[in-house]
$ cat data-v8.cif   # mmCIF, C-alpha atoms
data_run
#
loop_
_atom_site.group_PDB
_atom_site.id
_atom_site.type_symbol
_atom_site.label_atom_id
_atom_site.label_comp_id
_atom_site.auth_asym_id
_atom_site.auth_seq_id
_atom_site.Cartn_x
_atom_site.Cartn_y
_atom_site.Cartn_z
ATOM 1 C CA MET X 1 93.921 18.896 71.256
ATOM 2 C CA ILE X 2 91.907 21.385 69.157
ATOM 3 C CA ARG X 3 92.102 19.035 66.169
ATOM 4 C CA ALA X 4 90.830 16.117 68.260
ATOM 5 C CA LEU X 5 87.936 18.136 69.661
ATOM 6 C CA VAL X 6 86.927 19.524 66.261
ATOM 7 C CA LEU X 7 86.994 16.129 64.570
ATOM 8 C CA GLY X 8 85.154 14.552 67.504
ATOM 9 C CA ILE X 9 82.363 17.123 67.269
ATOM 10 C CA VAL X 10 82.203 16.725 63.485
ATOM 11 C CA GLN X 11 81.924 12.948 63.827
ATOM 12 C CA GLY X 12 79.287 13.113 66.563
ATOM 13 C CA LEU X 13 77.030 15.574 64.728
ATOM 14 C CA THR X 14 77.355 14.125 61.244
ATOM 15 C CA GLU X 15 76.994 10.480 62.290
ATOM 16 C CA PHE X 16 73.359 11.024 63.213
ATOM 17 C CA LEU X 17 72.276 14.137 61.311
ATOM 18 C CA PRO X 18 71.496 13.175 57.681
ATOM 19 C CA ILE X 19 74.559 14.894 56.221
ATOM 20 C CA SER X 20 77.123 12.037 56.185
ATOM 21 C CA SER X 21 79.896 11.485 58.704
ATOM 22 C CA SER X 22 82.214 9.662 56.294
ATOM 23 C CA ALA X 23 82.229 12.583 53.856
ATOM 24 C CA HIS X 24 82.772 15.227 56.543
ATOM 25 C CA LEU X 25 85.493 13.270 58.339
ATOM 26 C CA SER X 26 87.282 12.994 55.020
ATOM 27 C CA ILE X 27 86.716 16.579 53.859
ATOM 28 C CA VAL X 28 87.008 18.710 57.023
ATOM 29 C CA PRO X 29 90.633 17.779 57.892
ATOM 30 C CA ARG X 30 91.669 18.560 54.317
ATOM 31 C CA LEU X 31 89.961 21.955 54.300
ATOM 32 C CA LEU X 32 91.262 22.954 57.752
ATOM 33 C CA GLY X 33 94.779 21.759 57.068
ATOM 34 C CA PHE X 34 94.697 19.074 59.756
ATOM 35 C CA PRO X 35 96.742 15.893 59.373
ATOM 36 C CA THR X 36 94.616 13.013 58.136
ATOM 37 C CA PRO X 37 93.282 11.195 61.222
ATOM 38 C CA THR X 38 94.596 7.707 61.732
ATOM 39 C CA LEU X 39 92.222 4.795 61.338
ATOM 40 C CA ALA X 40 92.652 4.103 65.062
ATOM 41 C CA PHE X 41 91.417 7.608 65.876
ATOM 42 C CA GLU X 42 88.415 7.176 63.555
ATOM 43 C CA VAL X 43 87.569 3.858 65.237
ATOM 44 C CA LEU X 44 87.539 5.531 68.658
ATOM 45 C CA LEU X 45 85.381 8.375 67.328
ATOM 46 C CA HIS X 46 82.872 5.797 66.145
ATOM 47 C CA PHE X 47 82.892 4.175 69.578
ATOM 48 C CA GLY X 48 82.138 7.635 70.975
ATOM 49 C CA THR X 49 79.055 7.939 68.777
ATOM 50 C CA LEU X 50 78.118 4.393 69.746
ATOM 51 C CA ALA X 51 78.183 5.451 73.402
ATOM 52 C CA ALA X 52 75.923 8.389 72.529
ATOM 53 C CA VAL X 53 73.179 6.349 70.873
ATOM 54 C CA VAL X 54 73.393 3.644 73.562
ATOM 55 C CA ALA X 55 72.966 6.286 76.263
ATOM 56 C CA TYR X 56 70.002 7.875 74.502
ATOM 57 C CA PHE X 57 68.185 4.561 74.000
ATOM 58 C CA ALA X 58 69.328 3.004 77.287
ATOM 59 C CA ARG X 59 65.760 2.293 78.435
ATOM 60 C CA ASP X 60 64.882 0.564 75.160
ATOM 61 C CA LEU X 61 68.059 -1.488 75.236
ATOM 62 C CA TRP X 62 67.408 -2.525 78.837
ATOM 63 C CA ALA X 63 63.904 -3.597 77.845
ATOM 64 C CA PHE X 64 65.439 -5.751 75.080
ATOM 65 C CA VAL X 65 67.648 -7.424 77.672
ATOM 66 C CA LEU X 66 64.716 -8.025 80.017
ATOM 67 C CA CYS X 67 62.534 -9.496 77.272
ATOM 68 C CA LEU X 68 65.187 -12.167 76.789
ATOM 69 C CA VAL X 69 66.418 -12.910 80.316
ATOM 70 C CA ALA X 70 63.615 -11.725 82.632
ATOM 71 C CA PRO X 71 60.360 -11.546 80.652
ATOM 72 C CA GLY X 72 58.301 -11.645 83.842
ATOM 73 C CA ARG X 73 59.409 -8.091 84.652
ATOM 74 C CA LEU X 74 57.850 -6.788 81.444
ATOM 75 C CA GLY X 75 54.676 -8.811 81.188
ATOM 76 C CA PRO X 76 53.548 -11.053 78.292
ATOM 77 C CA LEU X 77 52.397 -8.309 75.921
ATOM 78 C CA GLU X 78 55.452 -6.072 76.316
ATOM 79 C CA THR X 79 57.744 -9.092 76.101
ATOM 80 C CA ARG X 80 56.220 -10.172 72.769
ATOM 81 C CA THR X 81 56.421 -6.621 71.445
ATOM 82 C CA ARG X 82 60.044 -6.180 72.455
ATOM 83 C CA ARG X 83 61.079 -9.551 71.085
ATOM 84 C CA ARG X 84 59.382 -8.774 67.796
ATOM 85 C CA LEU X 85 61.145 -5.411 67.478
ATOM 86 C CA LEU X 86 64.451 -7.028 68.400
ATOM 87 C CA GLY X 87 63.875 -9.591 65.664
ATOM 88 C CA LEU X 88 63.140 -6.825 63.151
ATOM 89 C CA LEU X 89 66.383 -5.069 64.083
ATOM 90 C CA ALA X 90 68.324 -8.314 63.694
ATOM 91 C CA LEU X 91 66.742 -8.945 60.291
ATOM 92 C CA ALA X 92 67.375 -5.383 59.108
ATOM 93 C CA SER X 93 71.024 -5.578 60.193
ATOM 94 C CA ILE X 94 71.859 -8.464 57.870
ATOM 95 C CA PRO X 95 72.198 -6.550 54.548
ATOM 96 C CA ALA X 96 74.632 -3.962 55.950
ATOM 97 C CA ALA X 97 76.659 -6.693 57.681
ATOM 98 C CA VAL X 98 77.005 -8.767 54.513
ATOM 99 C CA ILE X 99 77.648 -5.902 52.098
ATOM 100 C CA GLY X 100 79.944 -4.166 54.577
ATOM 101 C CA PHE X 101 82.035 -7.299 54.946
ATOM 102 C CA LEU X 102 82.337 -7.666 51.157
ATOM 103 C CA LEU X 103 82.875 -4.027 50.160
ATOM 104 C CA GLN X 104 84.504 -2.344 53.171
ATOM 105 C CA ASP X 105 87.850 -2.000 51.410
ATOM 106 C CA TRP X 106 86.176 -0.267 48.464
ATOM 107 C CA ALA X 107 84.338 2.089 50.814
ATOM 108 C CA ASP X 108 87.535 2.949 52.697
ATOM 109 C CA ALA X 109 89.227 3.737 49.383
ATOM 110 C CA GLN X 110 86.400 6.105 48.430
ATOM 111 C CA THR X 111 86.457 7.835 51.803
ATOM 112 C CA ALA X 112 90.207 8.366 51.546
ATOM 113 C CA ARG X 113 89.592 10.678 48.565
ATOM 114 C CA PRO X 114 87.887 13.864 49.848
ATOM 115 C CA LEU X 115 86.946 15.114 46.379
ATOM 116 C CA ARG X 116 85.280 11.835 45.506
ATOM 117 C CA ALA X 117 83.475 11.807 48.864
ATOM 118 C CA SER X 118 82.160 15.327 48.127
ATOM 119 C CA ILE X 119 80.799 14.224 44.759
ATOM 120 C CA TRP X 120 79.077 11.247 46.354
ATOM 121 C CA MET X 121 77.625 13.551 49.008
ATOM 122 C CA VAL X 122 75.887 15.638 46.329
ATOM 123 C CA ALA X 123 74.885 12.690 44.140
ATOM 124 C CA THR X 124 73.296 10.609 46.895
ATOM 125 C CA THR X 125 71.198 13.562 48.063
ATOM 126 C CA THR X 126 68.860 12.665 45.188
ATOM 127 C CA ILE X 127 67.576 9.776 47.321
ATOM 128 C CA MET X 128 66.423 12.177 50.037
ATOM 129 C CA ILE X 129 64.925 14.565 47.479
ATOM 130 C CA ALA X 130 62.933 11.758 45.869
ATOM 131 C CA ALA X 131 61.699 10.571 49.279
ATOM 132 C CA GLU X 132 60.489 14.020 50.305
ATOM 133 C CA LEU X 133 58.742 14.592 46.975
ATOM 134 C CA TYR X 134 57.097 11.188 47.319
ATOM 135 C CA ALA X 135 55.949 11.973 50.864
ATOM 136 C CA ARG X 136 54.495 15.267 49.678
ATOM 137 C CA THR X 137 52.222 13.544 47.159
ATOM 138 C CA HIS X 138 51.571 10.316 49.057
ATOM 139 C CA THR X 139 50.363 10.870 52.588
ATOM 140 C CA PRO X 140 52.007 7.900 54.286
ATOM 141 C CA ARG X 141 49.244 7.088 56.751
ATOM 142 C CA PRO X 142 46.289 8.744 58.385
ATOM 143 C CA VAL X 143 47.435 11.124 61.076
ATOM 144 C CA ALA X 144 45.323 12.880 63.620
ATOM 145 C CA VAL X 145 44.678 16.549 63.014
ATOM 146 C CA THR X 146 43.532 18.354 66.102
ATOM 147 C CA THR X 147 40.550 20.583 65.654
ATOM 148 C CA THR X 148 39.048 22.645 68.387
ATOM 149 C CA ALA X 149 35.387 22.181 69.143
ATOM 150 C CA PRO X 150 33.040 24.230 66.942
ATOM 151 C CA PRO X 151 32.664 27.646 68.544
ATOM 152 C CA ALA X 152 29.355 28.871 69.748
ATOM 153 C CA ASP X 153 27.408 31.240 67.500
ATOM 154 C CA HIS X 154 28.412 34.236 69.552
ATOM 155 C CA GLU X 155 32.108 33.222 69.237
ATOM 156 C CA GLN X 156 32.254 32.667 65.489
ATOM 157 C CA ASN X 157 32.636 36.327 64.719
ATOM 158 C CA GLY X 158 34.623 37.117 67.821
ATOM 159 C CA PRO X 159 38.158 38.471 67.906
ATOM 160 C CA SER X 160 39.635 34.983 68.007
ATOM 161 C CA GLY X 161 38.223 34.168 64.565
ATOM 162 C CA PRO X 162 37.384 30.667 63.326
ATOM 163 C CA ALA X 163 38.530 27.529 65.053
ATOM 164 C CA HIS X 164 42.202 26.771 64.576
ATOM 165 C CA ARG X 165 43.100 23.715 62.508
ATOM 166 C CA PRO X 166 46.799 22.849 62.832
ATOM 167 C CA THR X 167 48.525 21.664 59.678
ATOM 168 C CA VAL X 168 50.263 18.314 59.805
ATOM 169 C CA VAL X 169 53.249 17.817 57.504
ATOM 170 C CA PRO X 170 52.928 14.571 55.494
ATOM 171 C CA GLY X 171 55.155 11.953 57.031
ATOM 172 C CA THR X 172 55.041 13.424 60.528
ATOM 173 C CA ARG X 173 53.024 12.412 63.545
ATOM 174 C CA GLY X 174 49.781 14.207 64.195
ATOM 175 C CA ALA X 175 49.578 16.513 67.134
ATOM 176 C CA GLY X 176 46.407 15.072 68.569
ATOM 177 C CA PRO X 177 46.039 12.390 71.220
ATOM 178 C CA ASP X 178 44.802 9.863 68.633
ATOM 179 C CA GLY X 179 48.003 10.048 66.573
ATOM 180 C CA PRO X 180 50.256 7.005 67.074
ATOM 181 C CA THR X 181 53.535 7.668 68.812
ATOM 182 C CA PRO X 182 56.740 6.582 67.068
ATOM 183 C CA GLU X 183 57.093 3.795 69.640
ATOM 184 C CA GLU X 184 53.593 2.518 68.850
ATOM 185 C CA GLU X 185 54.293 2.739 65.136
ATOM 186 C CA LEU X 186 57.462 0.662 65.478
ATOM 187 C CA LYS X 187 55.565 -1.967 67.426
ATOM 188 C CA ARG X 188 53.366 -2.497 64.359
ATOM 189 C CA LEU X 189 56.136 -2.128 61.764
ATOM 190 C CA PRO X 190 55.694 -4.864 59.128
ATOM 191 C CA VAL X 191 58.582 -7.232 58.494
ATOM 192 C CA ALA X 192 58.852 -6.184 54.841
ATOM 193 C CA LYS X 193 59.232 -2.512 55.768
ATOM 194 C CA ALA X 194 61.906 -3.275 58.350
ATOM 195 C CA ALA X 195 63.781 -5.315 55.753
ATOM 196 C CA GLY X 196 63.504 -2.436 53.283
ATOM 197 C CA ILE X 197 65.018 -0.006 55.766
ATOM 198 C CA GLY X 198 67.785 -2.541 56.412
ATOM 199 C CA LEU X 199 68.555 -2.773 52.698
ATOM 200 C CA ALA X 200 68.709 1.018 52.543
ATOM 201 C CA GLN X 201 71.183 1.090 55.425
ATOM 202 C CA ALA X 202 73.552 -0.997 53.324
ATOM 203 C CA LEU X 203 73.742 1.942 50.877
ATOM 204 C CA ALA X 204 75.339 4.003 53.639
ATOM 205 C CA LEU X 205 78.540 2.169 52.796
ATOM 206 C CA ILE X 206 78.864 4.677 49.942
ATOM 207 C CA PRO X 207 80.713 7.708 51.340
ATOM 208 C CA GLY X 208 78.456 10.736 51.521
ATOM 209 C CA THR X 209 75.208 8.792 51.676
ATOM 210 C CA SER X 210 74.346 9.182 55.405
ATOM 211 C CA ARG X 211 72.927 6.222 57.281
ATOM 212 C CA SER X 212 70.138 8.236 58.883
ATOM 213 C CA GLY X 213 69.308 10.063 55.659
ATOM 214 C CA VAL X 214 68.957 6.963 53.509
ATOM 215 C CA THR X 215 67.062 4.938 56.121
ATOM 216 C CA ILE X 216 64.599 7.746 56.880
ATOM 217 C CA SER X 217 64.124 8.154 53.124
ATOM 218 C CA ALA X 218 63.392 4.440 52.794
ATOM 219 C CA GLY X 219 60.853 4.758 55.586
ATOM 220 C CA LEU X 220 59.102 7.613 53.765
ATOM 221 C CA PHE X 221 58.868 5.522 50.598
ATOM 222 C CA GLU X 222 57.283 2.762 52.690
ATOM 223 C CA GLY X 223 54.811 5.015 54.496
ATOM 224 C CA VAL X 224 56.630 5.197 57.831
ATOM 225 C CA THR X 225 56.694 8.577 59.575
ATOM 226 C CA ARG X 226 59.996 10.399 59.781
ATOM 227 C CA GLU X 227 60.340 10.187 63.548
ATOM 228 C CA ALA X 228 59.547 6.468 63.665
ATOM 229 C CA ALA X 229 61.970 5.800 60.805
ATOM 230 C CA ALA X 230 64.647 7.844 62.601
ATOM 231 C CA ARG X 231 64.168 5.890 65.844
ATOM 232 C CA PHE X 232 64.437 2.601 63.962
ATOM 233 C CA SER X 233 67.492 3.953 62.116
ATOM 234 C CA PHE X 234 69.255 4.923 65.332
ATOM 235 C CA LEU X 235 68.522 1.583 66.978
ATOM 236 C CA LEU X 236 69.742 -0.096 63.794
ATOM 237 C CA SER X 237 72.968 1.905 63.927
ATOM 238 C CA ILE X 238 74.006 0.276 67.210
ATOM 239 C CA PRO X 239 74.906 -3.162 65.805
ATOM 240 C CA ALA X 240 76.270 -1.528 62.626
ATOM 241 C CA ILE X 241 78.677 0.786 64.465
ATOM 242 C CA LEU X 242 79.593 -1.917 66.983
ATOM 243 C CA GLY X 243 80.295 -4.482 64.275
ATOM 244 C CA ALA X 244 82.391 -2.092 62.183
ATOM 245 C CA GLY X 245 84.360 -1.075 65.268
ATOM 246 C CA ILE X 246 85.057 -4.659 66.307
ATOM 247 C CA LEU X 247 86.356 -5.523 62.846
ATOM 248 C CA LYS X 248 88.886 -2.682 63.126
ATOM 249 C CA LEU X 249 90.025 -3.173 66.712
ATOM 250 C CA ASP X 250 93.414 -4.355 65.496
ATOM 251 C CA GLU X 251 93.985 -0.852 64.088
ATOM 252 C CA LEU X 252 94.051 0.733 67.551
ATOM 253 C CA SER X 253 97.730 -0.011 67.935
ATOM 254 C CA GLY X 254 98.491 2.250 64.981
ATOM 255 C CA ALA X 255 97.349 5.490 66.602
ATOM 256 C CA THR X 256 99.764 8.415 66.318
ATOM 257 C CA GLU X 257 97.562 10.748 68.388
ATOM 258 C CA THR X 258 98.398 11.161 72.057
ATOM 259 C CA PRO X 259 96.238 9.424 74.678
ATOM 260 C CA VAL X 260 94.816 12.821 75.683
ATOM 261 C CA GLU X 261 93.795 13.523 72.083
ATOM 262 C CA LEU X 262 92.199 10.104 71.731
ATOM 263 C CA VAL X 263 90.155 10.565 74.903
ATOM 264 C CA ALA X 264 89.184 14.152 74.041
ATOM 265 C CA GLY X 265 88.030 13.202 70.561
ATOM 266 C CA THR X 266 86.027 10.220 71.809
ATOM 267 C CA LEU X 267 84.277 12.273 74.503
ATOM 268 C CA ALA X 268 83.536 15.084 72.035
ATOM 269 C CA ALA X 269 82.005 12.577 69.631
ATOM 270 C CA ALA X 270 79.890 11.067 72.415
ATOM 271 C CA VAL X 271 78.506 14.379 73.696
ATOM 272 C CA SER X 272 77.846 15.888 70.265
ATOM 273 C CA GLY X 273 76.349 12.608 69.071
ATOM 274 C CA PHE X 274 73.868 12.552 71.952
ATOM 275 C CA VAL X 275 72.861 16.138 71.153
ATOM 276 C CA ALA X 276 72.429 15.264 67.459
ATOM 277 C CA VAL X 277 70.166 12.271 68.171
ATOM 278 C CA SER X 278 67.960 14.278 70.521
ATOM 279 C CA PHE X 279 67.793 17.255 68.155
ATOM 280 C CA LEU X 280 66.887 15.244 65.054
ATOM 281 C CA LEU X 281 64.142 13.225 66.758
ATOM 282 C CA ARG X 282 62.541 16.404 68.093
ATOM 283 C CA LEU X 283 62.875 18.173 64.735
ATOM 284 C CA LEU X 284 61.302 15.367 62.727
ATOM 285 C CA ARG X 285 58.128 15.443 64.815
ATOM 286 C CA THR X 286 57.008 18.459 62.809
ATOM 287 C CA ARG X 287 59.630 19.113 60.117
ATOM 288 C CA THR X 288 61.002 17.521 56.957
ATOM 289 C CA LEU X 289 64.449 16.631 55.637
ATOM 290 C CA TRP X 290 64.611 19.660 53.340
ATOM 291 C CA PRO X 291 66.994 21.744 55.546
ATOM 292 C CA PHE X 292 69.505 18.898 55.399
ATOM 293 C CA ILE X 293 68.940 18.395 51.681
ATOM 294 C CA TRP X 294 69.769 22.026 50.970
ATOM 295 C CA TYR X 295 72.797 21.859 53.261
ATOM 296 C CA ARG X 296 74.114 18.763 51.459
ATOM 297 C CA LEU X 297 73.665 20.326 48.025
ATOM 298 C CA ILE X 298 75.233 23.674 48.936
ATOM 299 C CA ALA X 299 78.021 22.398 51.197
ATOM 300 C CA GLY X 300 78.761 19.460 48.924
ATOM 301 C CA GLY X 301 79.000 21.757 45.905
ATOM 302 C CA LEU X 302 81.330 24.104 47.779
ATOM 303 C CA PHE X 303 83.455 21.170 48.921
ATOM 304 C CA VAL X 304 83.816 19.999 45.319
ATOM 305 C CA VAL X 305 84.886 23.455 44.123
ATOM 306 C CA LEU X 306 87.313 24.050 47.001
ATOM 307 C CA LEU X 307 88.888 20.608 46.844
ATOM 308 C CA ALA X 308 89.188 20.727 43.058
ATOM 309 C CA THR X 309 90.889 24.122 43.388
ATOM 310 C CA VAL X 310 93.297 22.854 46.026
ATOM 311 C CA ARG X 311 94.027 19.781 43.961
ATOM 312 C CA SER X 312 94.790 21.799 40.858
#

$ encode --input "data-v8.cif" --output "structure tokens"
Amino acid sequence: MIRALVLGIVQGLTEFLPISSSAHLSIVPRLLGFPTPTLAFEVLLHFGTLAAVVAYFARDLWAFVLCLVAPGRLGPLETRTRRRLLGLLALASIPAAVIGFLLQDWADAQTARPLRASIWMVATTTIMIAAELYARTHTPRPVAVTTTAPPADHEQNGPSGPAHRPTVVPGTRGAGPDGPTPEEELKRLPVAKAAGIGLAQALALIPGTSRSGVTISAGLFEGVTREAAARFSFLLSIPAILGAGILKLDELSGATETPVELVAGTLAAAVSGFVAVSFLLRLLRTRTLWPFIWYRLIAGGLFVVLLATVRS
């Protein structure tokens, strides 16, 4: 039971935080001395994370349904907007579907080797580093910076000092009322940028890459804010996780875990996944990917050393 809960929590957190679920699900059991989870168990863990992201974006998903079957309930403008975003998600899903179908066996072979997954985890962090450095020198888009009204003459030298001017991190949404929300930004997302994020998602087939990390990085290169790119990434993960799970449904009969363990792991993945989605979206409103970059470099390096030592 403890093993199922631990692996469920690991899967839920690492599926959506930009630190790679495939690498951690391969490495953590080896380091903790757990038996390697069966493919059936991993499939159910992924369905748990699918439930998490579906629950978090339930209102958006319901709006997608309405725009197709009951557009009158949304109105013409909202219907067009929702249909356009749905089309962008469908377009962006194609690269991962095609490449995943062709190279899934290769990816599974890489994931089955914890040491190799650790090396990939460190190596692919360079994508996130490059994206953050690019965002630092290329402000992606104008963002609103709130500035208080100029103080009166008698206030300029008062105890409160000069007017406060909040700093906006490049690639994040401005704090002022004129700054576009992530939802508004996605409504205007160009087709080419959506396709670029979809191509980046296909790279997540490499163990250690992180779907959210690589897609948010692609968004930064294209001038999309982190939070908007994360929202698009999470919506994009729904068909990706669902499709991968459906292709492996025949593996469910091979589970060696007990039914209680399977249920416990799936629920743990769902709850921790929901927490991870909420946490990352809130964090990226004002913060960068650097905490996750440093984690990947340090943890990945330690994983390589520990696994190489165990192997030898």

$ closest_residue --input "data-v8.cif" --among "X:Ala92, X:Leu262, X:Leu103, X:Met121" --to "Tyr295 in chain X" --atoms "only C-alpha atoms"
X:Met121

$ closest_atom_pairs --input "data-v8.cif" --of "range 94-140 of chain X" --to "range 229-237 of chain X" --cutoff "12 Å" --atoms "all atoms listed in the file" --output "JSON lines"
{"residue": "X:Ile94", "atom": "CA", "partner": "X:Leu236", "partner_atom": "CA", "distance": 10.5}
{"residue": "X:Pro95", "atom": "CA", "partner": "X:Leu236", "partner_atom": "CA", "distance": 11.5}
{"residue": "X:Ala96", "atom": "CA", "partner": "X:Leu236", "partner_atom": "CA", "distance": 10.0}
{"residue": "X:Ala97", "atom": "CA", "partner": "X:Ser237", "partner_atom": "CA", "distance": 11.2}

$ closest_atom_pairs --input "data-v8.cif" --of "range 18-67 of chain X" --to "range 209-215 of chain X" --cutoff "6 Å" --atoms "all atoms listed in the file" --output "Markdown table"
| residue | atom | partner | partner_atom | distance |
| --- | --- | --- | --- | --- |
| X:Pro18 | CA | X:Gly213 | CA | 4.3 |
| X:Ile19 | CA | X:Ser210 | CA | 5.8 |
| X:Ser20 | CA | X:Ser210 | CA | 4.1 |

$ atom_distance --input "data-v8.cif" --atom1 "CA of Ala51 in chain X" --atom2 "CA of Leu289 in chain X"
25.1 Å

$ closest_residue --input "data-v8.cif" --among "X:Val6, X:Gly223, X:Leu44, X:Ala23" --to "Glu251 in chain X" --atoms "only C-alpha atoms"
X:Leu44

$ atom_distance --input "data-v8.cif" --atom1 "CA of Pro37 in chain X" --atom2 "CA of Met128 in chain X"
29.1 Å

$ atom_distance --input "data-v8.cif" --atom1 "CA of Gly245 in chain X" --atom2 "CA of His46 in chain X"
7.1 Å

$ closest_residue --input "data-v8.cif" --among "X:Phe57, X:Phe64, X:Phe292, X:Phe16" --to "Arg82 in chain X" --atoms "all atoms listed in the file"
X:Phe64

$ resolve_selection --input "data-v8.cif" --expression "the PyMOL selection byres ((chain X and resi 61) around 12)" --output "PDB file with C-alpha atoms, in the frame of the given file"
ATOM      1  CA  VAL X  53      73.179   6.349  70.873  1.00  0.00           C
ATOM      2  CA  VAL X  54      73.393   3.644  73.562  1.00  0.00           C
ATOM      3  CA  ALA X  55      72.966   6.286  76.263  1.00  0.00           C
ATOM      4  CA  TYR X  56      70.002   7.875  74.502  1.00  0.00           C
ATOM      5  CA  PHE X  57      68.185   4.561  74.000  1.00  0.00           C
ATOM      6  CA  ALA X  58      69.328   3.004  77.287  1.00  0.00           C
ATOM      7  CA  ARG X  59      65.760   2.293  78.435  1.00  0.00           C
ATOM      8  CA  ASP X  60      64.882   0.564  75.160  1.00  0.00           C
ATOM      9  CA  TRP X  62      67.408  -2.525  78.837  1.00  0.00           C
ATOM     10  CA  ALA X  63      63.904  -3.597  77.845  1.00  0.00           C
ATOM     11  CA  PHE X  64      65.439  -5.751  75.080  1.00  0.00           C
ATOM     12  CA  VAL X  65      67.648  -7.424  77.672  1.00  0.00           C
ATOM     13  CA  LEU X  66      64.716  -8.025  80.017  1.00  0.00           C
ATOM     14  CA  CYS X  67      62.534  -9.496  77.272  1.00  0.00           C
ATOM     15  CA  LEU X  68      65.187 -12.167  76.789  1.00  0.00           C
ATOM     16  CA  ARG X  82      60.044  -6.180  72.455  1.00  0.00           C
ATOM     17  CA  ARG X  83      61.079  -9.551  71.085  1.00  0.00           C
ATOM     18  CA  LEU X  85      61.145  -5.411  67.478  1.00  0.00           C
ATOM     19  CA  LEU X  86      64.451  -7.028  68.400  1.00  0.00           C
ATOM     20  CA  LEU X  89      66.383  -5.069  64.083  1.00  0.00           C
ATOM     21  CA  PHE X 234      69.255   4.923  65.332  1.00  0.00           C
ATOM     22  CA  LEU X 235      68.522   1.583  66.978  1.00  0.00           C
ATOM     23  CA  LEU X 236      69.742  -0.096  63.794  1.00  0.00           C
ATOM     24  CA  ILE X 238      74.006   0.276  67.210  1.00  0.00           C
ATOM     25  CA  PRO X 239      74.906  -3.162  65.805  1.00  0.00           C
TER      26      PRO X 239
END

$ resolve_selection --input "data-v8.cif" --expression "the PyMOL selection byres ((chain X and resi 270-286) around 10)" --output "ChimeraX atom specification"
/X:8-18,45-57,167-175,181-182,212,225-231,234,264-269,287-289

$ residues_around --input "data-v8.cif" --residues "Ala107 in chain X" --least-positions-apart "4" --cutoff "10 Å" --atoms "all atoms listed in the file" --output "VMD selection string"
chain X and resid 22 100 102 to 103 111 to 112 117 204 to 207
